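S.K.: This is work13.txt (compact mmCIF, C-alpha atoms).
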```txt
# COMPACT_ATOMS: atom_id res chain seq x y z
CA PRO A 1 35.56 48.07 71.04
CA GLY A 2 37.74 45.01 71.00
CA THR A 3 34.86 42.99 69.65
CA MET A 4 34.31 45.40 66.76
CA ALA A 5 37.96 45.00 65.73
CA ASP A 6 37.62 41.24 65.71
CA MET A 7 34.73 41.62 63.24
CA GLY A 8 36.74 43.66 60.76
CA GLY A 9 35.34 46.99 61.87
CA ALA A 10 31.76 46.15 60.86
CA SER A 11 29.07 47.99 62.72
CA ALA A 12 26.01 46.43 64.27
CA ARG A 13 23.94 47.89 61.40
CA ASP A 14 26.14 46.13 58.85
CA LEU A 15 25.65 42.84 60.63
CA GLN A 16 21.89 43.28 60.60
CA VAL A 17 21.83 43.82 56.84
CA ARG A 18 23.92 40.75 56.07
CA LEU A 19 21.88 38.38 58.22
CA PRO A 20 18.85 36.76 56.53
CA LYS A 21 15.54 38.19 57.58
CA ALA A 22 12.55 36.10 58.48
CA THR A 23 9.73 36.20 55.92
CA LYS A 24 6.62 37.83 57.23
CA VAL A 25 3.26 36.68 55.95
CA LYS A 26 1.16 39.76 55.48
CA SER A 27 -2.03 37.88 54.62
CA LYS A 28 -3.13 34.29 54.55
CA ARG A 29 -5.77 34.97 51.92
CA ALA A 30 -5.27 33.58 48.38
CA ALA A 31 -3.89 35.99 45.81
CA ASN A 32 -6.20 37.23 43.08
CA ARG A 33 -4.30 35.19 40.46
CA GLN A 34 -2.27 32.13 41.35
CA ILE A 35 -0.10 30.17 38.89
CA THR A 36 -0.20 26.47 39.58
CA ALA A 37 2.04 23.68 38.29
CA GLU A 38 -0.89 22.34 36.25
CA GLN A 39 -1.32 25.72 34.58
CA LEU A 40 2.36 25.90 33.67
CA ILE A 41 2.19 22.44 32.12
CA ARG A 42 -0.97 23.33 30.22
CA GLU A 43 0.54 26.56 28.87
CA ALA A 44 3.66 24.73 27.73
CA LYS A 45 1.51 22.14 25.98
CA ASP A 46 -0.50 24.88 24.26
CA ARG A 47 2.70 26.44 22.96
CA ARG A 48 3.84 23.11 21.55
CA GLU A 49 0.52 22.55 19.83
CA ASP A 50 0.67 26.02 18.27
CA GLN A 51 4.03 25.12 16.76
CA ASP A 52 2.86 21.71 15.52
CA ILE A 53 2.38 21.66 11.74
CA ALA A 54 0.16 18.57 11.62
CA PRO A 55 -3.55 19.31 12.00
CA PRO A 56 -5.35 17.78 14.99
CA ARG A 57 -7.28 14.56 14.53
CA GLN A 58 -10.77 15.36 13.38
CA LYS A 59 -13.71 13.87 15.22
CA ILE A 60 -16.64 13.50 12.85
CA VAL A 61 -20.06 13.49 14.44
CA ASP A 62 -22.54 13.61 11.55
CA GLN A 63 -22.92 13.04 7.82
CA GLU A 64 -22.45 16.71 6.97
CA GLU A 65 -19.07 16.79 8.68
CA LEU A 66 -18.12 13.51 7.02
CA ASP A 67 -18.96 14.97 3.60
CA GLU A 68 -16.88 18.07 4.36
CA TYR A 69 -13.96 15.91 5.49
CA ARG A 70 -14.08 13.81 2.33
CA LEU A 71 -14.34 16.87 0.12
CA GLY A 72 -11.28 18.35 1.81
CA LYS A 73 -9.27 15.16 1.40
CA ARG A 74 -10.18 14.89 -2.28
CA ARG A 75 -9.12 18.47 -2.87
CA PHE A 76 -5.84 17.71 -1.13
CA PHE A 77 -5.15 14.66 -3.32
CA GLU A 78 -6.21 16.42 -6.51
CA ASP A 79 -3.84 19.31 -5.75
CA LEU A 80 -1.07 16.82 -5.01
CA ILE A 81 -1.58 15.09 -8.35
CA ARG A 82 -1.88 18.30 -10.30
CA LYS A 83 1.52 19.42 -9.00
CA ALA A 84 3.27 16.14 -9.86
CA ARG A 85 1.23 13.81 -12.04
CA GLU A 86 4.20 11.51 -12.54
CA GLN A 87 4.37 10.60 -8.83
CA LEU A 88 2.81 7.13 -8.80
CA ASN A 89 2.79 7.02 -5.02
CA SER A 90 0.36 9.95 -4.88
CA TRP A 91 -2.08 8.16 -7.17
CA ALA A 92 -1.82 4.97 -5.10
CA LYS A 93 -2.43 6.82 -1.81
CA TYR A 94 -5.45 8.57 -3.33
CA ALA A 95 -6.99 5.31 -4.58
CA LYS A 96 -6.32 3.51 -1.30
CA TRP A 97 -7.90 6.36 0.64
CA GLU A 98 -11.04 6.08 -1.50
CA GLU A 99 -11.02 2.34 -0.83
CA SER A 100 -10.77 3.05 2.91
CA GLN A 101 -13.92 5.16 2.56
CA GLU A 102 -15.62 2.10 1.01
CA ASP A 103 -16.14 3.97 -2.23
CA LEU A 104 -14.85 1.44 -4.76
CA PRO A 105 -16.22 3.24 -7.85
CA ARG A 106 -14.17 6.31 -6.93
CA ALA A 107 -11.13 4.14 -6.12
CA ARG A 108 -11.44 2.50 -9.55
CA SER A 109 -11.70 5.90 -11.17
CA VAL A 110 -8.43 6.97 -9.53
CA TRP A 111 -6.63 3.77 -10.61
CA GLU A 112 -7.90 4.22 -14.16
CA ARG A 113 -6.72 7.83 -14.28
CA ALA A 114 -3.33 6.74 -12.94
CA LEU A 115 -3.03 4.12 -15.70
CA GLU A 116 -3.91 6.71 -18.32
CA GLU A 117 -0.97 8.69 -16.98
CA ASN A 118 1.41 5.71 -17.06
CA HIS A 119 0.06 2.38 -18.32
CA ARG A 120 3.51 0.79 -18.15
CA ALA A 121 3.71 1.10 -14.37
CA THR A 122 3.63 -2.48 -13.12
CA SER A 123 2.87 -1.49 -9.54
CA LEU A 124 -0.33 0.33 -10.54
CA TRP A 125 -1.78 -2.74 -12.28
CA LEU A 126 -0.83 -5.01 -9.39
CA GLN A 127 -2.35 -2.79 -6.70
CA TYR A 128 -5.47 -2.16 -8.77
CA ALA A 129 -6.15 -5.86 -9.35
CA GLU A 130 -5.33 -6.77 -5.77
CA MET A 131 -7.88 -4.21 -4.55
CA GLU A 132 -10.57 -5.92 -6.61
CA MET A 133 -9.50 -9.32 -5.32
CA ARG A 134 -9.61 -8.13 -1.69
CA HIS A 135 -13.25 -7.20 -2.18
CA LYS A 136 -14.00 -10.42 -4.08
CA ASN A 137 -14.90 -8.53 -7.25
CA VAL A 138 -13.80 -11.37 -9.50
CA ASN A 139 -15.01 -9.96 -12.80
CA HIS A 140 -13.40 -6.60 -12.11
CA ALA A 141 -10.15 -8.30 -11.11
CA ARG A 142 -10.26 -10.50 -14.19
CA ASN A 143 -10.73 -7.43 -16.36
CA VAL A 144 -7.68 -5.73 -14.83
CA TRP A 145 -5.45 -8.81 -15.15
CA ASP A 146 -6.60 -9.36 -18.73
CA ARG A 147 -5.77 -5.80 -19.74
CA ALA A 148 -2.43 -5.89 -17.93
CA CYS A 149 -1.39 -9.10 -19.71
CA THR A 150 -2.51 -7.72 -23.07
CA LEU A 151 -0.65 -4.44 -22.71
CA LEU A 152 2.46 -5.80 -20.97
CA PRO A 153 2.76 -9.47 -21.99
CA ARG A 154 6.42 -9.67 -20.98
CA ILE A 155 5.65 -9.05 -17.31
CA ASP A 156 5.50 -12.64 -16.05
CA GLN A 157 4.09 -11.59 -12.68
CA PHE A 158 0.82 -10.55 -14.30
CA TRP A 159 0.33 -13.98 -15.88
CA TYR A 160 1.21 -15.84 -12.68
CA LYS A 161 -1.23 -13.84 -10.58
CA TYR A 162 -4.00 -14.03 -13.16
CA ILE A 163 -3.64 -17.82 -13.44
CA HIS A 164 -3.37 -18.27 -9.68
CA MET A 165 -6.62 -16.38 -9.17
CA GLU A 166 -8.48 -18.51 -11.68
CA GLU A 167 -7.12 -21.76 -10.28
CA MET A 168 -7.97 -20.77 -6.69
CA LEU A 169 -11.52 -20.08 -7.85
CA GLY A 170 -11.65 -23.58 -9.33
CA ASN A 171 -11.70 -22.27 -12.89
CA VAL A 172 -9.10 -24.69 -14.22
CA GLU A 173 -10.22 -24.34 -17.83
CA GLN A 174 -10.02 -20.56 -17.56
CA ALA A 175 -6.53 -20.85 -16.05
CA ARG A 176 -5.54 -23.15 -18.92
CA GLN A 177 -6.74 -20.58 -21.45
CA VAL A 178 -4.65 -17.90 -19.78
CA PHE A 179 -1.63 -20.22 -19.89
CA GLU A 180 -2.25 -20.81 -23.60
CA ARG A 181 -2.27 -17.08 -24.25
CA TRP A 182 0.96 -16.73 -22.32
CA MET A 183 2.70 -19.58 -24.16
CA GLU A 184 2.12 -17.76 -27.44
CA TRP A 185 4.70 -15.27 -26.19
CA GLU A 186 7.19 -18.12 -25.67
CA PRO A 187 8.14 -17.37 -22.07
CA ASP A 188 11.19 -18.75 -20.30
CA HIS A 189 11.58 -22.23 -18.84
CA GLN A 190 9.76 -21.30 -15.62
CA GLY A 191 6.60 -20.28 -17.47
CA TRP A 192 6.35 -23.58 -19.34
CA ARG A 193 7.08 -25.65 -16.26
CA ALA A 194 4.44 -23.71 -14.29
CA TYR A 195 1.91 -24.76 -16.93
CA ILE A 196 3.02 -28.39 -16.69
CA ARG A 197 2.80 -28.36 -12.89
CA MET A 198 -0.75 -27.03 -13.04
CA GLU A 199 -1.82 -29.87 -15.33
CA LEU A 200 -0.19 -32.41 -13.03
CA ARG A 201 -1.92 -30.92 -9.97
CA HIS A 202 -5.19 -31.80 -11.65
CA ASP A 203 -3.98 -35.25 -12.79
CA GLU A 204 -3.93 -34.24 -16.45
CA VAL A 205 -0.90 -36.32 -17.42
CA ASP A 206 -1.60 -36.35 -21.15
CA ARG A 207 -2.08 -32.62 -21.19
CA ALA A 208 1.18 -32.18 -19.27
CA ARG A 209 2.96 -34.35 -21.84
CA GLY A 210 1.54 -32.21 -24.63
CA VAL A 211 2.86 -29.08 -22.96
CA TYR A 212 6.27 -30.76 -22.58
CA GLU A 213 6.34 -31.48 -26.33
CA ARG A 214 5.75 -27.82 -27.08
CA TYR A 215 8.20 -26.76 -24.36
CA VAL A 216 11.15 -28.63 -25.88
CA ARG A 217 10.30 -27.27 -29.33
CA CYS A 218 10.27 -23.74 -27.96
CA HIS A 219 13.43 -24.28 -25.87
CA PRO A 220 15.41 -27.13 -27.50
CA THR A 221 18.04 -27.07 -24.78
CA VAL A 222 19.63 -29.79 -22.69
CA LYS A 223 17.81 -28.44 -19.66
CA ALA A 224 14.39 -28.76 -21.31
CA TRP A 225 15.04 -32.29 -22.66
CA VAL A 226 16.39 -33.50 -19.31
CA ASN A 227 13.25 -32.23 -17.57
CA TYR A 228 11.08 -33.99 -20.13
CA ALA A 229 13.02 -37.25 -19.72
CA LYS A 230 12.70 -37.09 -15.92
CA PHE A 231 8.98 -36.56 -16.29
CA GLU A 232 8.63 -39.70 -18.43
CA ALA A 233 10.93 -41.73 -16.18
CA LYS A 234 8.87 -40.83 -13.17
CA LEU A 235 5.79 -42.14 -14.92
CA GLY A 236 7.61 -45.37 -15.73
CA GLU A 237 7.18 -45.08 -19.47
```
Would you mind writing the structure in this file as structure tokens?

M.R.:
Amino acid sequence: PGTMADMGGASARDLQVRLPKATKVKSKRAANRQITAEQLIREAKDRREDQDIAPPRQKIVDQEELDEYRLGKRRFFEDLIRKAREQLNSWAKYAKWEESQEDLPRARSVWERALEENHRATSLWLQYAEMEMRHKNVNHARNVWDRACTLLPRIDQFWYKYIHMEEMLGNVEQARQVFERWMEWEPDHQGWRAYIRMELRHDEVDRARGVYERYVRCHPTVKAWVNYAKFEAKLGE
């Protein structure tokens, strides 16, 4: 009885309930359905994929699937353009995708449609011509540069790139003709001096002098005359 008092009046039954019981294994056989760590991870991954908006990467195994993929992509781009025709970035992505499919006629068609939408967009002309240059389609590139310079003659970048292409191809006379067209628009000092530098690169001193004469008439400034004088002094004349 004294011991029971020391334990706060708890009975032997109470003590048995409070003490942890040993776990008894009823059967050592595997349960009908066991959940493993791998299964939990897989289920969590499946839930994440269900919530993912982006479609899974498509593995194409034959021409029929490739055709279906391309048709789907074209529908996607056409819908994108129809909703916002003024978004130049959508046109550019569409054309570049066609280029990635090695379908240059379709890529050209997209660039042309984009230019019909906005022919004053400098970036469209630049990307279009650069595509042709990447694939060494010189005549196509020349056509694009020529049209760009005709429609937007005040965009110096078009002239520079057109001339650079011709000079890199060794078509110095063609580059000179492009320069002559540009000079009719009386560009700034940099345009004239670029023409002079090209002539000097090909040892055409007399031609360079002739361009200088026209340069100072177009820009009769101290800056122009000083440049001309330095040119002559360097030649020792």

S.K.: What's the 9 Å shell around range 66-79 of chain A, counting all atoms listed in the file, without same-chain residues fewer than 3 positions away, as a ChimeraX atom specification?

M.R.: /A:58,60-63,82-84,90-91,93-94,97-98,101

S.K.: Just checking: using all atoms listed in the file, which residue out of A:Cys218, A:Leu169, A:Ile163, A:Ile155 ends up closest to Glu184 in chain A?

M.R.: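 Of A:Cys218, A:Leu169, A:Ile163, A:Ile155, the one nearest Glu184 in chain A, counting all atoms listed in the file, is A:Cys218.
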
S.K.: Hey, can you check how far CA of Asp203 in chain A sits from CA of Val216 in chain A?

M.R.: 21.1 Å

S.K.: Using Å and a single decimal, report how far CA of Gly210 in chain A sits from CA of Tyr162 in chain A.

M.R.: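 Taking CA of Tyr162 in chain A as the start and CA of Gly210 in chain A as the end point, the length is 22.2 Å.
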
S.K.: For Ala175 in chain A, find every residue with an atom within 12 Å (counting only C-alpha atoms), except residues of its own chain fewer than 4 positions away, and show them as a list in words.

M.R.: Arg142, Asp146, Trp159, Tyr160, Lys161, Tyr162, Ile163, His164, Met165, Glu166, Glu167, Met168, Leu169, Gly170, Asn171, Phe179, Glu180, Arg181, Trp182, Ala194, Tyr195, Met198, Glu199 and His202 of chain A

S.K.: Could you check which of A:Asn227, A:Gln127, A:Gln174, A:Thr150 is closest to Ala92 in chain A, using all atoms listed in the file?

M.R.: A:Gln127

S.K.: Which residues come within 12 Å of Leu200 in chain A, counting all atoms listed in the file, excluding same-chain residues fewer than 4 positions away, as a list in words?

M.R.: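 With the cut-off at 12 Å, the set is Val172, Arg193, Ala194, Tyr195, Ile196, Glu204, Val205, Asp206, Arg207, Ala208, Arg209, Gly210, Val211, Tyr212, Phe231 and Leu235 of chain A.
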
S.K.: For the selection just defined, write its residues with C-alpha atoms to a file, as a PDB file, in the frame of the given file.

M.R.:
```
ATOM      1  CA  VAL A 172      -9.100 -24.690 -14.220  1.00  0.00           C
ATOM      2  CA  ARG A 193       7.080 -25.650 -16.260  1.00  0.00           C
ATOM      3  CA  ALA A 194       4.440 -23.710 -14.290  1.00  0.00           C
ATOM      4  CA  TYR A 195       1.910 -24.760 -16.930  1.00  0.00           C
ATOM      5  CA  ILE A 196       3.020 -28.390 -16.690  1.00  0.00           C
ATOM      6  CA  GLU A 204      -3.930 -34.240 -16.450  1.00  0.00           C
ATOM      7  CA  VAL A 205      -0.900 -36.320 -17.420  1.00  0.00           C
ATOM      8  CA  ASP A 206      -1.600 -36.350 -21.150  1.00  0.00           C
ATOM      9  CA  ARG A 207      -2.080 -32.620 -21.190  1.00  0.00           C
ATOM     10  CA  ALA A 208       1.180 -32.180 -19.270  1.00  0.00           C
ATOM     11  CA  ARG A 209       2.960 -34.350 -21.840  1.00  0.00           C
ATOM     12  CA  GLY A 210       1.540 -32.210 -24.630  1.00  0.00           C
ATOM     13  CA  VAL A 211       2.860 -29.080 -22.960  1.00  0.00           C
ATOM     14  CA  TYR A 212       6.270 -30.760 -22.580  1.00  0.00           C
ATOM     15  CA  PHE A 231       8.980 -36.560 -16.290  1.00  0.00           C
ATOM     16  CA  LEU A 235       5.790 -42.140 -14.920  1.00  0.00           C
TER      17      LEU A 235
END
```

S.K.: So how far away is CA of Trp192 in chain A from CA of Lys223 in chain A, in Å?

M.R.: 12.5 Å

S.K.: Return as AutoDock Vina command-line options the centre and edge lengths, in Å with one decimal, of the box along x, y and z that encloses every atom of range 113-127 of chain A in the file, padded by 8 Å per side.

M.R.:
```
--center_x -1.5 --center_y 1.8 --center_z -12.5 --size_x 26.4 --size_y 29.7 --size_z 27.6
```

S.K.: Just want the 9 Å neighbourhood of Val144 in chain A, counted on all atoms listed in the file, with same-chain residues fewer than 6 positions away dropped. Output as a ChimeraX atom specification.

M.R.: /A:125-126,128-129,132

S.K.: Go through A:Met133, A:Ala141, A:Met183, A:Leu124 one by one, measure the shortest atom-to-atom distance of each to Asp156 in chain A using all atoms listed in the file, and give the residue with the smallest value.

M.R.: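 Between A:Met133, A:Ala141, A:Met183, A:Leu124, the residue approaching Asp156 in chain A most closely is A:Met183.
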
S.K.: How would range 203-214 of chain A read, as a tab-separated table (two decimals), in the coordinates of the input, once all heavy atoms are built in?

M.R.:
```
chain	number	residue	atom	x	y	z
A	203	ASP	N	-4.10	-33.88	-12.24
A	203	ASP	CA	-3.98	-35.25	-12.79
A	203	ASP	C	-4.20	-35.31	-14.30
A	203	ASP	O	-4.71	-36.31	-14.82
A	203	ASP	CB	-4.97	-36.19	-12.08
A	203	ASP	CG	-4.69	-36.31	-10.58
A	203	ASP	OD1	-3.50	-36.36	-10.22
A	203	ASP	OD2	-5.66	-36.32	-9.79
A	204	GLU	N	-3.82	-34.28	-14.98
A	204	GLU	CA	-3.93	-34.24	-16.45
A	204	GLU	C	-2.58	-34.59	-17.06
A	204	GLU	O	-1.86	-33.74	-17.59
A	204	GLU	CB	-4.40	-32.85	-16.90
A	204	GLU	CG	-5.79	-32.46	-16.44
A	204	GLU	CD	-6.88	-33.18	-17.23
A	204	GLU	OE1	-6.55	-33.90	-18.20
A	204	GLU	OE2	-8.07	-33.01	-16.90
A	205	VAL	N	-2.22	-35.87	-16.97
A	205	VAL	CA	-0.90	-36.32	-17.42
A	205	VAL	C	-0.73	-36.13	-18.92
A	205	VAL	O	0.32	-35.66	-19.39
A	205	VAL	CB	-0.66	-37.79	-17.03
A	205	VAL	CG1	0.67	-38.28	-17.59
A	205	VAL	CG2	-0.71	-37.95	-15.52
A	206	ASP	N	-1.71	-36.49	-19.69
A	206	ASP	CA	-1.60	-36.35	-21.15
A	206	ASP	C	-1.46	-34.89	-21.55
A	206	ASP	O	-0.71	-34.56	-22.47
A	206	ASP	CB	-2.82	-36.98	-21.83
A	206	ASP	CG	-2.82	-38.50	-21.72
A	206	ASP	OD1	-1.73	-39.06	-21.52
A	206	ASP	OD2	-3.91	-39.10	-21.85
A	207	ARG	N	-2.21	-34.04	-20.89
A	207	ARG	CA	-2.08	-32.62	-21.19
A	207	ARG	C	-0.69	-32.11	-20.84
A	207	ARG	O	-0.09	-31.31	-21.56
A	207	ARG	CB	-3.14	-31.81	-20.43
A	207	ARG	CG	-4.56	-31.93	-20.99
A	207	ARG	CD	-5.51	-31.04	-20.20
A	207	ARG	NE	-6.88	-31.11	-20.67
A	207	ARG	CZ	-7.37	-30.39	-21.67
A	207	ARG	NH1	-6.60	-29.52	-22.32
A	207	ARG	NH2	-8.65	-30.51	-22.03
A	208	ALA	N	-0.17	-32.59	-19.69
A	208	ALA	CA	1.18	-32.18	-19.27
A	208	ALA	C	2.21	-32.63	-20.30
A	208	ALA	O	3.14	-31.88	-20.65
A	208	ALA	CB	1.50	-32.78	-17.90
A	209	ARG	N	2.04	-33.85	-20.82
A	209	ARG	CA	2.96	-34.35	-21.84
A	209	ARG	C	2.89	-33.47	-23.11
A	209	ARG	O	3.92	-33.17	-23.72
A	209	ARG	CB	2.63	-35.79	-22.18
A	209	ARG	CG	3.57	-36.41	-23.22
A	209	ARG	CD	3.26	-37.86	-23.51
A	209	ARG	NE	3.65	-38.72	-22.41
A	209	ARG	CZ	2.80	-39.38	-21.62
A	209	ARG	NH1	1.48	-39.25	-21.81
A	209	ARG	NH2	3.23	-40.17	-20.67
A	210	GLY	N	1.69	-33.07	-23.46
A	210	GLY	CA	1.54	-32.21	-24.63
A	210	GLY	C	2.24	-30.87	-24.44
A	210	GLY	O	2.85	-30.34	-25.38
A	211	VAL	N	2.16	-30.34	-23.23
A	211	VAL	CA	2.86	-29.08	-22.96
A	211	VAL	C	4.36	-29.30	-23.01
A	211	VAL	O	5.11	-28.45	-23.54
A	211	VAL	CB	2.44	-28.51	-21.57
A	211	VAL	CG1	3.23	-27.23	-21.27
A	211	VAL	CG2	0.95	-28.23	-21.54
A	212	TYR	N	4.84	-30.45	-22.50
A	212	TYR	CA	6.27	-30.76	-22.58
A	212	TYR	C	6.74	-30.80	-24.03
A	212	TYR	O	7.84	-30.30	-24.36
A	212	TYR	CB	6.57	-32.09	-21.89
A	212	TYR	CG	7.20	-31.95	-20.53
A	212	TYR	CD1	6.60	-32.51	-19.41
A	212	TYR	CD2	8.40	-31.26	-20.36
A	212	TYR	CE1	7.16	-32.39	-18.15
A	212	TYR	CE2	8.97	-31.14	-19.11
A	212	TYR	CZ	8.36	-31.69	-18.00
A	212	TYR	OH	8.92	-31.56	-16.76
A	213	GLU	N	5.96	-31.40	-24.91
A	213	GLU	CA	6.34	-31.48	-26.33
A	213	GLU	C	6.53	-30.08	-26.91
A	213	GLU	O	7.48	-29.83	-27.65
A	213	GLU	CB	5.25	-32.23	-27.10
A	213	GLU	CG	5.19	-33.72	-26.82
A	213	GLU	CD	6.37	-34.46	-27.44
A	213	GLU	OE1	7.02	-33.91	-28.36
A	213	GLU	OE2	6.64	-35.59	-27.00
A	214	ARG	N	5.64	-29.18	-26.58
A	214	ARG	CA	5.75	-27.82	-27.08
A	214	ARG	C	6.90	-27.07	-26.41
A	214	ARG	O	7.57	-26.24	-27.01
A	214	ARG	CB	4.44	-27.08	-26.87
A	214	ARG	CG	3.29	-27.65	-27.71
A	214	ARG	CD	1.94	-27.32	-27.13
A	214	ARG	NE	1.75	-25.87	-27.01
A	214	ARG	CZ	0.80	-25.30	-26.28
A	214	ARG	NH1	-0.04	-26.07	-25.58
A	214	ARG	NH2	0.69	-24.00	-26.23
```
